[in-house]
Amino acid sequence: MQFGIFTVGDVTTDPTTGHTPTEHERIKATVAIAKKAEEVGLDVFATGEHHNPPFVAPANPTVLLANIAAQTERIVLSTSTTLITTNDPVRIAEDYGYLQHLAEGRVDLMMGRGNTGPVYPWFGKDIRDGIPLAVENYALLHKLWREESVDWEGKRRTPLQGFTSSPRPLDGVAPFVWHGSIRSPEIAEQAAYYGDGYFHNHIFWPSSHAAKMVRFYRQRFEHYGHGTADQAIVGLGGQVFMRKNSQDAINEFRPYFDRAPVYGHGPSLEDFMQQTPLLVGSPQQVIEQTLGFREYVGDYQRQLWLLDHAGLPLKTVLEQLDILGEEVVPVLRKEFAALKPAHVPDAPTHESLVAAAGGPRESTTVHAADDVTGKSPEEVSA
Amino acid sequence: MTLKIAVVSAGLSDPSSTRLLADRLADESVRLLTERGHEVVLDVIELRPLAHALADFMLTGFATGDLEEALASVSRADALIAVTPVFTASYSGLFKMFFDAVDNDALEGTPVLVAATAGTARHSLVLEHALRPLFAYLKAVVVPTAVFAASEDFGSTAGGALDTRVRKAANQLVALLGAGQPTRATRPVKVTIDNPEDTPDFASMLAAVSR
């Protein structure tokens, strides 16, 4: 079981002090949070991708992740999410392929569609086309990482002929991919078809959504012959705020909750905790709640928490990471390990994927085209 | 055959003339259907107790508790009776918030009887310029007679004008139900988390996006 954090990089005014971090502060804070996540023993750091204020989650997460990769040793770097709809799959293949080399394989990524209508046309797309874009773009990305010379003709980008995406994946093994979706079964179907992971963000929405989506993904994973339903690769989000004494946690978090982006000015903290997986309380409550997730999604492989939003200051976020690392995750690691049946796999890592592929493969690109004329050697010599 | 009628009343006071009108329309519809040998299950939904939940829904995007049940009830109904007071030349904001929360295709093909109340009959065209287009957008089948009751209609039974309109409208609603059109069954299936099994096979999704 992997434990980690995911961020959307929102720049939000701290309602208790009125302080609004600059973009620069927020960006540097994100790096500090990622480094701290490794220091306290977490396994995964994932960043969102946004192109609209108030988010400074990078427009291209690979820039942030490459910087973090250079300052960390062990933590897996991921996304939450990479926009498969509005990015050119060729750029995703090359950018993340490059990152995979820089990070020595400590990279996987989560595909998402993005739910902000105005963003799509900035990239020449249309939100109503979200699912077909996700299906087509990922089909191409999947091919680019697995085939050296790609011929492609789809409906949504210029055709490719004999195209090689570079650099080739490290050791000849593509980064592991998760597909995230809150309530579109088509995306769970897609994840199942490829035998990829499925992630439910499991925040801001009733947990029944996660349960229904995961159940369907597991059934389809088995249908497509990747293993039994309980061997499918499932990740869940979560949102917590902890203090030793649960009432202190509630008192401290309430002003942030009340004005938070997404759900602020709406239900009370108490109602929202009842309606969604949000947990504000003691570390022990977080442990009990997290173990409870297993009851409705089954044995799963990755748990990510959202800690750094709604204007919480960096100092507080780092304290939250200390609590996670010292009091919560060690217990969860032990408990989940004891509960997991032997036939349920762990989340794939670069090492496990290389081993499954029968060892590393030389991945140097052999150029199919003449650098001067752009023609293939065959054409030139003909 | 058991038929389910949902009645939505956006009246705010107690007793509310909006609710009184809703009850008269419901009673008449039930009477007519019972005469024809149907069993009728009536679900009256008062919007006032759902007001906070509706505001929360606007902000969070999901419904819980009584609101979730009310929305499900409206989606499952064989017919709907929707009654609002007139506020500032239109349906009330609360009434609109509720129908904003109803799924866009939940009322497709559902027979709907619309009605409104106000202090003066000068507002009566609200039914035609506000309620009818709202339900047309939702692709509901709105019965031709919309029922408007002003204060004076409750105060006087002269000519039985309100009674006549109530009977006429209820008859029209019942006639639509009597046609026994399986409107729900013939709708195209929209895939949601509640029916993921209707998701197209991935091969067909792939085929649809490739040339």
# chains A, B, ... in the order shown; residues from 1 in each chain; ligands from 1

call {"tool": "select_by_dssp", "arguments": {"residues": "region 267-318 of chain A", "states": "helix (DSSP H, G or I)", "output": "PyMOL selection string"}}
result
chain A and resi 269-275+283-297+314-318

call {"tool": "write_last_selection", "arguments": {"atoms": "C-alpha atoms", "output": "mmCIF file, in the first residue's frame"}}
result
data_model
loop_
_atom_site.group_PDB
_atom_site.id
_atom_site.type_symbol
_atom_site.label_atom_id
_atom_site.label_comp_id
_atom_site.auth_asym_id
_atom_site.auth_seq_id
_atom_site.Cartn_x
_atom_site.Cartn_y
_atom_site.Cartn_z
ATOM 1 C CA LEU A 269 -18.337 21.417 8.507
ATOM 2 C CA GLU A 270 -20.272 18.816 10.491
ATOM 3 C CA ASP A 271 -22.732 18.160 7.626
ATOM 4 C CA PHE A 272 -19.928 17.947 5.085
ATOM 5 C CA MET A 273 -18.024 15.464 7.247
ATOM 6 C CA GLN A 274 -21.128 13.339 7.356
ATOM 7 C CA GLN A 275 -21.835 13.638 3.629
ATOM 8 C CA PRO A 283 -4.936 10.984 14.168
ATOM 9 C CA GLN A 284 -6.721 7.974 15.654
ATOM 10 C CA GLN A 285 -9.962 8.986 13.920
ATOM 11 C CA VAL A 286 -8.104 9.302 10.626
ATOM 12 C CA ILE A 287 -6.652 5.816 11.080
ATOM 13 C CA GLU A 288 -10.076 4.318 11.785
ATOM 14 C CA GLN A 289 -11.744 6.154 8.935
ATOM 15 C CA THR A 290 -9.071 5.225 6.392
ATOM 16 C CA LEU A 291 -9.223 1.560 7.333
ATOM 17 C CA GLY A 292 -12.983 1.856 6.790
ATOM 18 C CA PHE A 293 -12.527 2.874 3.125
ATOM 19 C CA ARG A 294 -11.467 -0.709 2.436
ATOM 20 C CA GLU A 295 -14.964 -1.858 3.382
ATOM 21 C CA TYR A 296 -16.546 -0.205 0.352
ATOM 22 C CA VAL A 297 -13.754 -0.259 -2.253
ATOM 23 C CA LEU A 314 2.744 26.248 4.926
ATOM 24 C CA LYS A 315 3.702 25.817 8.581
ATOM 25 C CA THR A 316 0.373 24.132 9.317
ATOM 26 C CA VAL A 317 0.643 21.886 6.259
ATOM 27 C CA LEU A 318 4.107 20.766 7.349
#

call {"tool": "select_by_dssp", "arguments": {"residues": "region 207-379 of chain A", "states": "strand (DSSP E)", "output": "VMD selection string"}}
result
chain A and resid 234 to 236 240 to 242 279 to 281 302 to 305

call {"tool": "write_last_selection", "arguments": {"atoms": "all heavy atoms", "output": "tab-separated table (two decimals), in the first residue's frame"}}
result
chain	number	residue	atom	x	y	z
A	234	VAL	N	-6.42	0.06	-7.50
A	234	VAL	CA	-7.33	1.13	-7.09
A	234	VAL	C	-6.62	2.15	-6.20
A	234	VAL	O	-5.88	1.78	-5.29
A	234	VAL	CB	-8.55	0.53	-6.34
A	234	VAL	CG1	-9.42	1.64	-5.75
A	234	VAL	CG2	-9.37	-0.35	-7.27
A	235	GLY	N	-6.87	3.41	-6.49
A	235	GLY	CA	-6.36	4.49	-5.64
A	235	GLY	C	-7.51	5.35	-5.15
A	235	GLY	O	-8.52	5.50	-5.85
A	236	LEU	N	-7.36	5.91	-3.98
A	236	LEU	CA	-8.39	6.77	-3.41
A	236	LEU	C	-7.77	8.05	-2.88
A	236	LEU	O	-6.65	8.04	-2.37
A	236	LEU	CB	-9.05	6.10	-2.20
A	236	LEU	CG	-10.15	5.08	-2.36
A	236	LEU	CD1	-10.78	4.83	-1.00
A	236	LEU	CD2	-11.21	5.51	-3.36
A	240	VAL	N	-8.04	15.38	5.04
A	240	VAL	CA	-8.00	15.32	6.50
A	240	VAL	C	-7.38	16.60	7.08
A	240	VAL	O	-6.60	17.28	6.43
A	240	VAL	CB	-7.17	14.12	7.01
A	240	VAL	CG1	-7.86	12.80	6.69
A	240	VAL	CG2	-5.75	14.12	6.45
A	241	PHE	N	-7.76	16.88	8.32
A	241	PHE	CA	-7.06	17.90	9.11
A	241	PHE	C	-7.03	17.37	10.54
A	241	PHE	O	-8.06	16.98	11.09
A	241	PHE	CB	-7.77	19.25	9.06
A	241	PHE	CG	-6.99	20.32	9.78
A	241	PHE	CD1	-5.96	20.99	9.13
A	241	PHE	CD2	-7.25	20.62	11.12
A	241	PHE	CE1	-5.20	21.95	9.79
A	241	PHE	CE2	-6.50	21.58	11.78
A	241	PHE	CZ	-5.47	22.25	11.12
A	242	MET	N	-5.82	17.31	11.10
A	242	MET	CA	-5.66	16.61	12.38
A	242	MET	C	-5.02	17.47	13.46
A	242	MET	O	-4.10	18.24	13.19
A	242	MET	CB	-4.75	15.38	12.18
A	242	MET	CG	-5.28	14.37	11.21
A	242	MET	SD	-3.93	13.31	10.59
A	242	MET	CE	-3.03	14.43	9.56
A	279	LEU	N	-12.36	14.31	6.84
A	279	LEU	CA	-12.24	14.03	8.26
A	279	LEU	C	-11.40	15.08	8.97
A	279	LEU	O	-10.24	15.30	8.63
A	279	LEU	CB	-11.65	12.65	8.54
A	279	LEU	CG	-11.95	12.29	10.01
A	279	LEU	CD1	-12.55	10.93	10.14
A	279	LEU	CD2	-10.76	12.45	10.90
A	280	VAL	N	-12.01	15.76	9.91
A	280	VAL	CA	-11.31	16.73	10.74
A	280	VAL	C	-11.38	16.18	12.15
A	280	VAL	O	-12.48	16.04	12.71
A	280	VAL	CB	-11.98	18.12	10.65
A	280	VAL	CG1	-11.21	19.14	11.48
A	280	VAL	CG2	-12.07	18.58	9.20
A	281	GLY	N	-10.23	15.80	12.69
A	281	GLY	CA	-10.27	15.16	14.00
A	281	GLY	C	-8.89	14.72	14.44
A	281	GLY	O	-7.88	15.30	14.04
A	302	ARG	N	-3.39	2.54	-3.27
A	302	ARG	CA	-2.81	3.87	-3.05
A	302	ARG	C	-3.81	4.78	-2.34
A	302	ARG	O	-4.96	4.87	-2.75
A	302	ARG	CB	-2.41	4.48	-4.41
A	302	ARG	CG	-1.90	5.91	-4.32
A	302	ARG	CD	-1.42	6.44	-5.65
A	302	ARG	NE	-0.12	5.87	-6.00
A	302	ARG	CZ	0.61	6.28	-7.05
A	302	ARG	NH1	0.15	7.22	-7.84
A	302	ARG	NH2	1.77	5.73	-7.30
A	303	GLN	N	-3.32	5.45	-1.31
A	303	GLN	CA	-4.14	6.43	-0.59
A	303	GLN	C	-3.43	7.78	-0.62
A	303	GLN	O	-2.31	7.90	-0.12
A	303	GLN	CB	-4.34	5.98	0.87
A	303	GLN	CG	-5.03	7.01	1.76
A	303	GLN	CD	-6.47	7.26	1.35
A	303	GLN	OE1	-7.27	6.32	1.19
A	303	GLN	NE2	-6.83	8.53	1.14
A	304	LEU	N	-4.07	8.77	-1.23
A	304	LEU	CA	-3.51	10.13	-1.26
A	304	LEU	C	-4.44	11.07	-0.49
A	304	LEU	O	-5.65	10.96	-0.60
A	304	LEU	CB	-3.39	10.63	-2.71
A	304	LEU	CG	-2.56	9.81	-3.69
A	304	LEU	CD1	-2.53	10.52	-5.06
A	304	LEU	CD2	-1.14	9.60	-3.18
A	305	TRP	N	-3.84	11.97	0.27
A	305	TRP	CA	-4.64	12.96	1.00
A	305	TRP	C	-4.40	14.36	0.46
A	305	TRP	O	-3.29	14.70	0.07
A	305	TRP	CB	-4.30	12.94	2.49
A	305	TRP	CG	-4.81	11.76	3.23
A	305	TRP	CD1	-6.08	11.50	3.63
A	305	TRP	CD2	-4.02	10.64	3.69
A	305	TRP	NE1	-6.14	10.30	4.32
A	305	TRP	CE2	-4.89	9.76	4.37
A	305	TRP	CE3	-2.67	10.31	3.61
A	305	TRP	CZ2	-4.47	8.57	4.95
A	305	TRP	CZ3	-2.24	9.12	4.19
A	305	TRP	CH2	-3.13	8.26	4.84

call {"tool": "closest_atom_pairs", "arguments": {"of": "chain A", "to": "chain B", "cutoff": "7 Å", "atoms": "only C-alpha atoms", "output": "JSON lines"}}
result
{"residue": "A:Pro132", "atom": "CA", "partner": "B:Val209", "partner_atom": "CA", "distance": 6.2}
{"residue": "A:Val135", "atom": "CA", "partner": "B:Leu206", "partner_atom": "CA", "distance": 6.6}
{"residue": "A:Glu136", "atom": "CA", "partner": "B:Val209", "partner_atom": "CA", "distance": 5.9}
{"residue": "A:Glu153", "atom": "CA", "partner": "B:Arg211", "partner_atom": "CA", "distance": 6.6}
{"residue": "A:Gly154", "atom": "CA", "partner": "B:Ser210", "partner_atom": "CA", "distance": 4.8}
{"residue": "A:Lys155", "atom": "CA", "partner": "B:Ser210", "partner_atom": "CA", "distance": 6.2}
{"residue": "A:Arg183", "atom": "CA", "partner": "B:Ile193", "partner_atom": "CA", "distance": 5.7}
{"residue": "A:Ser184", "atom": "CA", "partner": "B:Thr192", "partner_atom": "CA", "distance": 6.5}
{"residue": "A:Pro185", "atom": "CA", "partner": "B:Pro196", "partner_atom": "CA", "distance": 5.5}
{"residue": "A:Glu186", "atom": "CA", "partner": "B:Thr199", "partner_atom": "CA", "distance": 6.1}
{"residue": "A:Glu189", "atom": "CA", "partner": "B:Phe202", "partner_atom": "CA", "distance": 6.5}
{"residue": "A:Gln190", "atom": "CA", "partner": "B:Phe202", "partner_atom": "CA", "distance": 6.4}
{"residue": "A:Tyr193", "atom": "CA", "partner": "B:Phe202", "partner_atom": "CA", "distance": 6.7}
{"residue": "A:Trp205", "atom": "CA", "partner": "B:Phe62", "partner_atom": "CA", "distance": 7.0}
{"residue": "A:His209", "atom": "CA", "partner": "B:Ile193", "partner_atom": "CA", "distance": 6.9}
{"residue": "A:Lys212", "atom": "CA", "partner": "B:Ile193", "partner_atom": "CA", "distance": 6.3}
{"residue": "A:Met213", "atom": "CA", "partner": "B:Ile193", "partner_atom": "CA", "distance": 6.4}
{"residue": "A:Phe216", "atom": "CA", "partner": "B:Pro196", "partner_atom": "CA", "distance": 6.6}
{"residue": "A:Val262", "atom": "CA", "partner": "B:Thr60", "partner_atom": "CA", "distance": 6.8}
{"residue": "A:Tyr263", "atom": "CA", "partner": "B:Thr60", "partner_atom": "CA", "distance": 5.3}
{"residue": "A:Gly266", "atom": "CA", "partner": "B:Asp56", "partner_atom": "CA", "distance": 4.9}
{"residue": "A:Pro267", "atom": "CA", "partner": "B:Asp56", "partner_atom": "CA", "distance": 5.6}

call {"tool": "closest_residue", "arguments": {"among": "A:Gln219, A:Ser166, A:Ser282, A:Thr62", "to": "Asn245 (chain A)", "atoms": "only C-alpha atoms"}}
result
A:Ser282

call {"tool": "residues_around", "arguments": {"residues": "Leu47 (chain B)", "least_positions_apart": "6", "cutoff": "12 Å", "atoms": "only C-alpha atoms", "output": "compact mmCIF listing (two decimals) with C-alpha atoms, in the first residue's frame"}}
result
# COMPACT_ATOMS: atom_id res chain seq x y z
CA VAL B 7 -46.58 16.93 -6.42
CA VAL B 8 -44.15 19.81 -5.95
CA SER B 9 -45.38 22.80 -3.97
CA ALA B 10 -43.23 25.89 -3.55
CA GLY B 11 -45.62 27.64 -1.15
CA LEU B 12 -43.94 29.18 1.87
CA SER B 13 -46.65 29.83 4.45
CA THR B 18 -50.10 27.15 -3.33
CA ARG B 19 -50.31 23.92 -1.35
CA ALA B 53 -30.32 21.75 1.08
CA LEU B 54 -30.99 23.37 -2.29
CA ALA B 55 -28.58 26.21 -1.54
CA ASP B 66 -34.43 14.58 1.94
CA LEU B 67 -33.42 16.53 -1.17
CA ALA B 70 -37.24 14.30 -3.42
CA LEU B 71 -35.22 14.45 -6.65
CA ALA B 82 -45.86 21.52 -10.10
CA VAL B 83 -47.25 24.56 -8.28
CA THR B 84 -45.51 27.82 -7.45
CA PRO B 85 -46.44 31.19 -6.04
CA SER B 92 -40.36 31.75 -7.06
CA GLY B 93 -36.59 31.40 -6.76
CA LEU B 94 -37.04 28.32 -4.60
CA PHE B 95 -39.17 26.64 -7.27
CA LYS B 96 -36.51 27.34 -9.88
CA MET B 97 -33.71 26.09 -7.62
CA PHE B 98 -35.50 22.78 -7.23
CA PHE B 99 -35.91 22.30 -10.97

call {"tool": "residues_around", "arguments": {"residues": "region 342-355 of chain A", "least_positions_apart": "5", "cutoff": "9 Å", "atoms": "only C-alpha atoms", "output": "compact mmCIF listing (two decimals) with N, CA and C atoms, in the first residue's frame"}}
result
# COMPACT_ATOMS: atom_id res chain seq x y z
N MET A 1 0.85 -1.21 0.00
CA MET A 1 0.00 0.00 0.00
C MET A 1 0.88 1.26 0.00
N GLN A 2 0.54 2.18 -0.90
CA GLN A 2 1.28 3.44 -0.94
C GLN A 2 0.45 4.55 -0.29
N VAL A 76 7.71 8.68 -4.99
CA VAL A 76 7.19 8.56 -6.35
C VAL A 76 6.45 9.85 -6.70
N GLU A 104 14.76 8.89 -12.59
CA GLU A 104 15.18 7.48 -12.48
C GLU A 104 13.98 6.55 -12.27
N GLY A 105 12.90 6.85 -12.97
CA GLY A 105 11.75 5.94 -12.94
C GLY A 105 10.74 6.21 -11.83
N ARG A 106 11.01 7.22 -10.99
CA ARG A 106 10.08 7.47 -9.87
C ARG A 106 8.88 8.28 -10.34
N VAL A 107 8.24 7.86 -11.40
CA VAL A 107 7.16 8.65 -11.99
C VAL A 107 6.00 7.77 -12.41
N ASP A 108 4.81 8.15 -12.05
CA ASP A 108 3.64 7.63 -12.75
C ASP A 108 2.70 8.81 -12.96
N LEU A 170 12.17 5.05 -20.06
CA LEU A 170 13.32 4.51 -19.34
C LEU A 170 13.23 2.98 -19.24
N ASP A 171 14.31 2.31 -19.57
CA ASP A 171 14.38 0.84 -19.53
C ASP A 171 13.33 0.18 -20.43
N GLY A 172 12.78 0.95 -21.37
CA GLY A 172 11.80 0.39 -22.29
C GLY A 172 10.44 0.14 -21.66
N VAL A 173 10.20 0.76 -20.50
CA VAL A 173 8.93 0.52 -19.80
C VAL A 173 8.20 1.85 -19.58
N ALA A 174 6.98 1.93 -20.09
CA ALA A 174 6.19 3.15 -19.95
C ALA A 174 5.83 3.40 -18.49
N PRO A 175 5.70 4.69 -18.10
CA PRO A 175 5.24 4.98 -16.73
C PRO A 175 3.86 4.37 -16.51
N PHE A 176 3.61 3.95 -15.29
CA PHE A 176 2.29 3.41 -14.96
C PHE A 176 1.27 4.55 -15.02
N GLY A 197 -4.45 1.62 -13.70
CA GLY A 197 -5.06 1.88 -12.40
C GLY A 197 -6.26 2.81 -12.51
N ASP A 230 -10.62 -8.39 -7.61
CA ASP A 230 -9.94 -7.87 -6.42
C ASP A 230 -8.44 -7.64 -6.64
N GLN A 231 -7.98 -7.94 -7.87
CA GLN A 231 -6.58 -7.64 -8.18
C GLN A 231 -6.42 -6.34 -8.97
N ALA A 232 -7.53 -5.68 -9.25
CA ALA A 232 -7.46 -4.40 -9.98
C ALA A 232 -6.76 -3.36 -9.11
N ILE A 233 -6.17 -2.37 -9.79
CA ILE A 233 -5.32 -1.39 -9.08
C ILE A 233 -6.11 -0.13 -8.77
N VAL A 234 -6.42 0.06 -7.50
CA VAL A 234 -7.33 1.13 -7.09
C VAL A 234 -6.62 2.15 -6.20
N GLY A 235 -6.87 3.41 -6.49
CA GLY A 235 -6.36 4.49 -5.64
C GLY A 235 -7.51 5.35 -5.15
N ASP A 299 -9.66 -4.13 -1.06
CA ASP A 299 -8.23 -3.89 -0.81
C ASP A 299 -7.71 -3.02 -1.92
N TYR A 300 -7.12 -1.88 -1.55
CA TYR A 300 -6.66 -0.96 -2.59
C TYR A 300 -5.19 -0.64 -2.40
N GLN A 301 -4.63 0.05 -3.42
CA GLN A 301 -3.18 0.14 -3.50
C GLN A 301 -2.60 1.50 -3.14
N ARG A 302 -3.39 2.54 -3.27
CA ARG A 302 -2.81 3.87 -3.05
C ARG A 302 -3.81 4.78 -2.34
N PRO A 360 15.37 -4.66 -17.86
CA PRO A 360 15.43 -3.41 -18.63
C PRO A 360 15.80 -3.65 -20.09
N ARG A 361 15.24 -2.83 -20.95
CA ARG A 361 15.58 -2.90 -22.36
C ARG A 361 16.29 -1.62 -22.75

call {"tool": "atom_distance", "arguments": {"atom1": "CA of Ile250 (chain A)", "atom2": "CA of Glu327 (chain A)"}}
result
18.5 Å

call {"tool": "atom_distance", "arguments": {"atom1": "CA of Ser156 (chain B)", "atom2": "CA of Glu128 (chain B)"}}
result
24.1 Å

call {"tool": "residues_around", "arguments": {"residues": "Leu176 (chain B)", "least_positions_apart": "3", "cutoff": "12 Å", "atoms": "only C-alpha atoms", "output": "short mmCIF file (atom, residue, chain, number, x, y, z; two decimals) with all heavy atoms, in the first residue's frame"}}
result
data_model
loop_
_atom_site.label_atom_id
_atom_site.label_comp_id
_atom_site.auth_asym_id
_atom_site.auth_seq_id
_atom_site.Cartn_x
_atom_site.Cartn_y
_atom_site.Cartn_z
N SER B 29 -56.92 14.46 -9.71
CA SER B 29 -56.21 13.51 -10.56
C SER B 29 -56.33 12.10 -9.99
O SER B 29 -56.57 11.12 -10.72
CB SER B 29 -54.73 13.88 -10.68
OG SER B 29 -54.60 15.20 -11.14
N LEU B 33 -58.16 8.85 -11.76
CA LEU B 33 -57.38 7.63 -12.03
C LEU B 33 -57.94 6.43 -11.28
O LEU B 33 -57.98 5.31 -11.81
CB LEU B 33 -55.90 7.84 -11.64
CG LEU B 33 -55.10 8.73 -12.60
CD1 LEU B 33 -53.79 9.17 -11.98
CD2 LEU B 33 -54.85 8.00 -13.93
N ASP B 78 -44.61 8.96 -12.61
CA ASP B 78 -45.27 8.82 -13.91
C ASP B 78 -45.87 10.14 -14.36
O ASP B 78 -46.10 10.36 -15.54
CB ASP B 78 -46.38 7.76 -13.81
CG ASP B 78 -45.81 6.40 -13.48
OD1 ASP B 78 -45.05 5.87 -14.30
OD2 ASP B 78 -46.08 5.89 -12.36
N ALA B 79 -46.14 11.01 -13.39
CA ALA B 79 -46.67 12.34 -13.71
C ALA B 79 -46.27 13.30 -12.61
O ALA B 79 -45.98 12.89 -11.48
CB ALA B 79 -48.20 12.30 -13.83
N LEU B 80 -46.26 14.58 -12.97
CA LEU B 80 -45.84 15.60 -12.01
C LEU B 80 -46.86 16.73 -11.98
O LEU B 80 -47.34 17.16 -13.03
CB LEU B 80 -44.46 16.15 -12.43
CG LEU B 80 -43.94 17.38 -11.70
CD1 LEU B 80 -43.57 17.04 -10.26
CD2 LEU B 80 -42.71 17.95 -12.42
N GLY B 109 -40.49 13.40 -21.39
CA GLY B 109 -41.70 12.64 -21.71
C GLY B 109 -42.68 12.51 -20.56
O GLY B 109 -43.73 11.88 -20.72
N THR B 110 -42.40 13.08 -19.41
CA THR B 110 -43.30 12.97 -18.26
C THR B 110 -44.44 13.99 -18.38
O THR B 110 -44.18 15.18 -18.58
CB THR B 110 -42.53 13.23 -16.94
OG1 THR B 110 -41.42 12.36 -16.88
CG2 THR B 110 -43.42 13.04 -15.73
N PRO B 111 -45.69 13.54 -18.23
CA PRO B 111 -46.79 14.50 -18.23
C PRO B 111 -46.70 15.41 -17.00
O PRO B 111 -46.50 14.92 -15.89
CB PRO B 111 -48.04 13.62 -18.15
CG PRO B 111 -47.59 12.26 -18.58
CD PRO B 111 -46.16 12.15 -18.17
N VAL B 112 -46.84 16.71 -17.23
CA VAL B 112 -46.73 17.67 -16.13
C VAL B 112 -47.91 18.64 -16.16
O VAL B 112 -48.27 19.17 -17.21
CB VAL B 112 -45.41 18.49 -16.24
CG1 VAL B 112 -45.35 19.54 -15.14
CG2 VAL B 112 -44.19 17.58 -16.15
N LEU B 113 -48.49 18.83 -15.00
CA LEU B 113 -49.55 19.83 -14.86
C LEU B 113 -48.94 21.00 -14.11
O LEU B 113 -48.40 20.83 -13.03
CB LEU B 113 -50.69 19.20 -14.06
CG LEU B 113 -52.07 19.84 -14.08
CD1 LEU B 113 -53.07 18.90 -13.40
CD2 LEU B 113 -52.08 21.18 -13.42
N ALA B 140 -40.59 17.80 -20.90
CA ALA B 140 -41.77 17.22 -20.28
C ALA B 140 -42.96 17.52 -21.20
O ALA B 140 -42.89 18.39 -22.06
CB ALA B 140 -41.99 17.83 -18.91
N VAL B 141 -44.05 16.78 -21.01
CA VAL B 141 -45.26 17.04 -21.78
C VAL B 141 -46.21 17.82 -20.88
O VAL B 141 -46.79 17.27 -19.95
CB VAL B 141 -45.92 15.71 -22.22
CG1 VAL B 141 -47.14 16.01 -23.07
CG2 VAL B 141 -44.92 14.85 -22.95
N VAL B 142 -46.30 19.12 -21.12
CA VAL B 142 -47.12 19.96 -20.25
C VAL B 142 -48.56 19.95 -20.74
O VAL B 142 -48.81 20.17 -21.93
CB VAL B 142 -46.59 21.41 -20.22
CG1 VAL B 142 -47.35 22.24 -19.19
CG2 VAL B 142 -45.10 21.43 -19.92
N VAL B 143 -49.52 19.67 -19.85
CA VAL B 143 -50.92 19.60 -20.29
C VAL B 143 -51.36 21.00 -20.74
O VAL B 143 -50.88 22.01 -20.22
CB VAL B 143 -51.86 19.05 -19.19
CG1 VAL B 143 -51.43 17.65 -18.78
CG2 VAL B 143 -51.92 19.98 -18.00
N PRO B 144 -52.30 21.05 -21.73
CA PRO B 144 -52.67 22.35 -22.31
C PRO B 144 -53.25 23.32 -21.29
O PRO B 144 -53.02 24.53 -21.39
CB PRO B 144 -53.71 21.98 -23.37
CG PRO B 144 -53.50 20.53 -23.65
CD PRO B 144 -52.94 19.92 -22.41
N ALA B 169 -57.86 20.47 -16.19
CA ALA B 169 -56.43 20.18 -16.19
C ALA B 169 -56.16 18.74 -15.74
O ALA B 169 -55.34 18.03 -16.33
CB ALA B 169 -55.69 21.17 -15.30
N ALA B 170 -56.84 18.31 -14.68
CA ALA B 170 -56.63 16.95 -14.16
C ALA B 170 -57.03 15.93 -15.21
O ALA B 170 -56.36 14.91 -15.40
CB ALA B 170 -57.42 16.75 -12.87
N ASN B 171 -58.14 16.21 -15.91
CA ASN B 171 -58.58 15.31 -16.99
C ASN B 171 -57.51 15.19 -18.07
O ASN B 171 -57.26 14.10 -18.58
CB ASN B 171 -59.87 15.83 -17.62
CG ASN B 171 -61.09 15.10 -17.07
OD1 ASN B 171 -61.25 13.90 -17.31
ND2 ASN B 171 -61.91 15.81 -16.31
N GLN B 172 -56.92 16.31 -18.39
CA GLN B 172 -55.89 16.29 -19.44
C GLN B 172 -54.65 15.52 -18.97
O GLN B 172 -54.03 14.79 -19.75
CB GLN B 172 -55.52 17.72 -19.84
CG GLN B 172 -56.66 18.39 -20.62
CD GLN B 172 -56.46 19.90 -20.77
OE1 GLN B 172 -55.52 20.47 -20.23
NE2 GLN B 172 -57.37 20.53 -21.49
N LEU B 173 -54.32 15.68 -17.71
CA LEU B 173 -53.16 14.94 -17.18
C LEU B 173 -53.43 13.44 -17.21
O LEU B 173 -52.60 12.64 -17.67
CB LEU B 173 -52.87 15.39 -15.74
CG LEU B 173 -51.63 14.77 -15.10
CD1 LEU B 173 -50.36 15.34 -15.71
CD2 LEU B 173 -51.62 15.01 -13.58
N ALA B 179 -52.86 7.08 -21.95
CA ALA B 179 -52.33 6.64 -23.23
C ALA B 179 -51.31 5.52 -23.03
O ALA B 179 -51.01 4.78 -23.96
CB ALA B 179 -51.70 7.81 -23.96
N GLY B 180 -50.85 5.41 -21.79
CA GLY B 180 -49.97 4.30 -21.46
C GLY B 180 -48.69 4.27 -22.26
O GLY B 180 -48.09 3.23 -22.49
N GLN B 181 -48.22 5.44 -22.69
CA GLN B 181 -46.98 5.46 -23.45
C GLN B 181 -45.81 5.09 -22.53
O GLN B 181 -45.65 5.69 -21.47
CB GLN B 181 -46.73 6.85 -24.04
CG GLN B 181 -47.70 7.18 -25.15
CD GLN B 181 -47.75 8.67 -25.40
OE1 GLN B 181 -47.56 9.47 -24.49
NE2 GLN B 181 -47.99 9.03 -26.64
N PRO B 182 -45.01 4.14 -22.93
CA PRO B 182 -43.87 3.76 -22.09
C PRO B 182 -42.72 4.75 -22.29
O PRO B 182 -41.64 4.40 -22.74
CB PRO B 182 -43.51 2.37 -22.59
CG PRO B 182 -43.95 2.36 -24.03
CD PRO B 182 -45.05 3.37 -24.16
N THR B 183 -42.98 6.03 -21.96
CA THR B 183 -42.01 7.07 -22.28
C THR B 183 -40.65 6.81 -21.64
O THR B 183 -39.62 7.04 -22.24
CB THR B 183 -42.51 8.44 -21.81
OG1 THR B 183 -42.94 8.30 -20.47
CG2 THR B 183 -43.64 8.93 -22.67
#
